[in-house]
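One structure is given below, encoded as structure tokens.
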Amino acid sequence: MKPIALQLYTVRDYAEKDLFGTLEKVAEIGFRGVEFAGLYGHKPSEVAKVLNDLGLKACCIHDDIPKREDIEKLVQIEHELGCSRMVSMFGPAQYDSAELCREAVDRFNEACEMLGEHGISLATHNHWWEFKTINGRYALDILMDECPNLLLEADLYWAQYAKTSPAEQVARFRSRIPLIHAKDGLIKEPAEFTAAGDGEVDLTGGIKAADPNVLEWVIVELDEFAGDMWQAVKGSYRYLTQTGLAEGNR
């Protein structure tokens, strides 16, 4: 089993008000790691100390695709947090044409090269729009084929929402998937998210299709939730750990 982490975007409303208190609550639930989507004004060194005190690890950082002028700052943040992975993505409009998709390919390749010089790998995170078809191919296929150093943080909900099989998508790119978002929900329009195990997503198939020698983290994320978000987070943790799909500290 792989360790379980929480994407802090899930509890962004709490983290924005009290990041350290939020991290403490995440650790109390039993999570082993967190994925950052911003540090909410705190210094990386301060955050790193809190993580160490709580026994949490930073599994990756989600941020905009870096430009050359951003690299030095990003490398410093990654190193201070003890992290060597970054996750970036484009919005849906980027895959409206072959020309725009080529632009994405070029940006990802440039970022992979710049980050790679500092020992940091880059992954992209799929939503439904990476499954737009461009000249008969999914945009995601084009990215993975033409960006050889780009990894994938596979989001199981959005793969199924896009009417593909999460297990099949993970299996296709299993040699390049170190991170999985074990996201659940109802497959409807608009998207509706639930605690892991309460929705319609084939989480078991998606996680088990990963290469155990490559996969490093199973990550809980809810984009939003109609009820108590902390209850959904706790429910997701229980489901994934009790079914043997991930391993926590409780």
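By order in the structure tokens, chains are A, B, ...; within a chain, residues start at 1; ligands start at 1, following the order shown.
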
Next on the checklist: Quick check for you: according to DSSP on this backbone, which residues of region 91-243 of chain A are classed as alpha helix (DSSP H)? Reply as a PyMOL selection string.
Outcome noted: chain A and resi 98-116+139-146+156-161+166-172+203-208+229-242

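Summary of the local environment: counting only C-alpha atoms, residues at most 8 Å from region 187-199 of chain A, other than itself and those fewer than 2 positions away along its chain, are A:Gln160, A:Tyr161, A:Ala182, A:Lys183, A:Asp184, A:Gly185, A:Val201, A:Leu203, A:Val220, A:Leu222, A:Asp223, A:Glu224, A:Phe225, A:Ala232, A:Val233, A:Gly235, A:Ser236, A:Tyr237, A:Tyr239, A:Leu240.
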
Written file, previous selection with C-alpha atoms, as a compact mmCIF listing (two decimals), in the first residue's frame:
```txt
# COMPACT_ATOMS: atom_id res chain seq x y z
CA GLN A 160 -14.47 8.81 -15.58
CA TYR A 161 -16.35 12.11 -15.97
CA ALA A 182 -8.48 9.25 -5.47
CA LYS A 183 -11.37 11.60 -6.15
CA ASP A 184 -14.95 10.33 -6.02
CA GLY A 185 -18.32 11.74 -6.92
CA VAL A 201 -15.85 6.30 -9.57
CA LEU A 203 -11.28 4.01 -7.32
CA VAL A 220 -7.52 12.70 -1.39
CA LEU A 222 -12.50 17.20 -3.28
CA ASP A 223 -12.87 20.25 -5.50
CA GLU A 224 -15.91 21.23 -3.42
CA PHE A 225 -18.51 19.56 -1.22
CA ALA A 232 -15.83 14.18 3.76
CA VAL A 233 -12.06 14.24 4.30
CA GLY A 235 -14.69 9.60 5.36
CA SER A 236 -12.29 9.47 2.42
CA TYR A 237 -9.40 8.62 4.73
CA TYR A 239 -12.52 4.31 3.11
CA LEU A 240 -9.13 4.31 1.40
```

Item to check | Pairwise distance for CA of Ala5 (chain A) and CA of Ser175 (chain A), rounded to one decimal in Å | outcome: 20.6 Å

Checklist entry - In terms of the shortest atom-to-atom distance over only C-alpha atoms, which of A:Ile65, A:Ala139, A:Ala15, A:Leu81 is closest to Leu51 (chain A)? => result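 Result for the nearest residue to Leu51 (chain A): A:Leu81.
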
Item to check | Å distance separating CA of Glu216 (chain A) from CA of Ile4 (chain A), one decimal place | outcome: 9.2 Å

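Nearest-residue note for Asn213 (chain A): choosing from A:Phe31, A:Ile177, A:Glu46, A:Thr133, the minimum distance belongs to A:Ile177, counting only C-alpha atoms.
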
Next on the checklist: Could you list, as a ChimeraX atom specification, every residue within 8 Å of Ala209 (chain A), counting only C-alpha atoms and ignoring same-chain residues fewer than 6 positions away?
Outcome noted: /A:167-168,170-171,174

Those residues you just picked out, can you put them in a file as a PDB file, in the first residue's frame with N, CA and C atoms?
```
ATOM      1  N   ALA A 167      -9.272   3.000 -14.761  1.00  0.00           N
ATOM      2  CA  ALA A 167      -8.301   1.905 -14.726  1.00  0.00           C
ATOM      3  C   ALA A 167      -7.524   1.818 -16.033  1.00  0.00           C
ATOM      4  N   GLU A 168      -8.205   1.973 -17.157  1.00  0.00           N
ATOM      5  CA  GLU A 168      -7.530   1.893 -18.448  1.00  0.00           C
ATOM      6  C   GLU A 168      -6.572   3.063 -18.648  1.00  0.00           C
ATOM      7  N   VAL A 170      -5.029   4.811 -16.283  1.00  0.00           N
ATOM      8  CA  VAL A 170      -3.878   4.618 -15.402  1.00  0.00           C
ATOM      9  C   VAL A 170      -2.960   3.539 -15.964  1.00  0.00           C
ATOM     10  N   ALA A 171      -3.549   2.459 -16.449  1.00  0.00           N
ATOM     11  CA  ALA A 171      -2.744   1.365 -16.997  1.00  0.00           C
ATOM     12  C   ALA A 171      -1.908   1.832 -18.189  1.00  0.00           C
ATOM     13  N   ARG A 174       1.022   3.951 -16.693  1.00  0.00           N
ATOM     14  CA  ARG A 174       1.415   3.509 -15.356  1.00  0.00           C
ATOM     15  C   ARG A 174       2.903   3.718 -15.059  1.00  0.00           C
TER      16      ARG A 174
END
```

Item to check | Of the listed residues A:Phe173, A:Phe20, A:Tyr14, A:Phe90, that which approaches His127 (chain A) most closely, counting only C-alpha atoms | outcome: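 Nearest candidate to His127 (chain A) out of A:Phe173, A:Phe20, A:Tyr14, A:Phe90: A:Phe90.
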
Item to check | A:His79, A:Lys25, A:Lys17, A:Lys57 ranked by distance to Pro44 (chain A), top pick (using only C-alpha atoms) | outcome: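 Among the listed residues, A:His79 lies closest to Pro44 (chain A).
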
Item to check | Counting only C-alpha atoms, the option among A:Asn109, A:Ser97, A:Thr204, A:Thr124 closest to Arg137 (chain A) | outcome: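 Of the candidates, the smallest distance to Arg137 (chain A) is held by A:Ser97.
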
Item to check | Distance of CA of Glu35 (chain A) from CA of Leu56 (chain A), expressed in Å to one decimal place | outcome: 10.4 Å
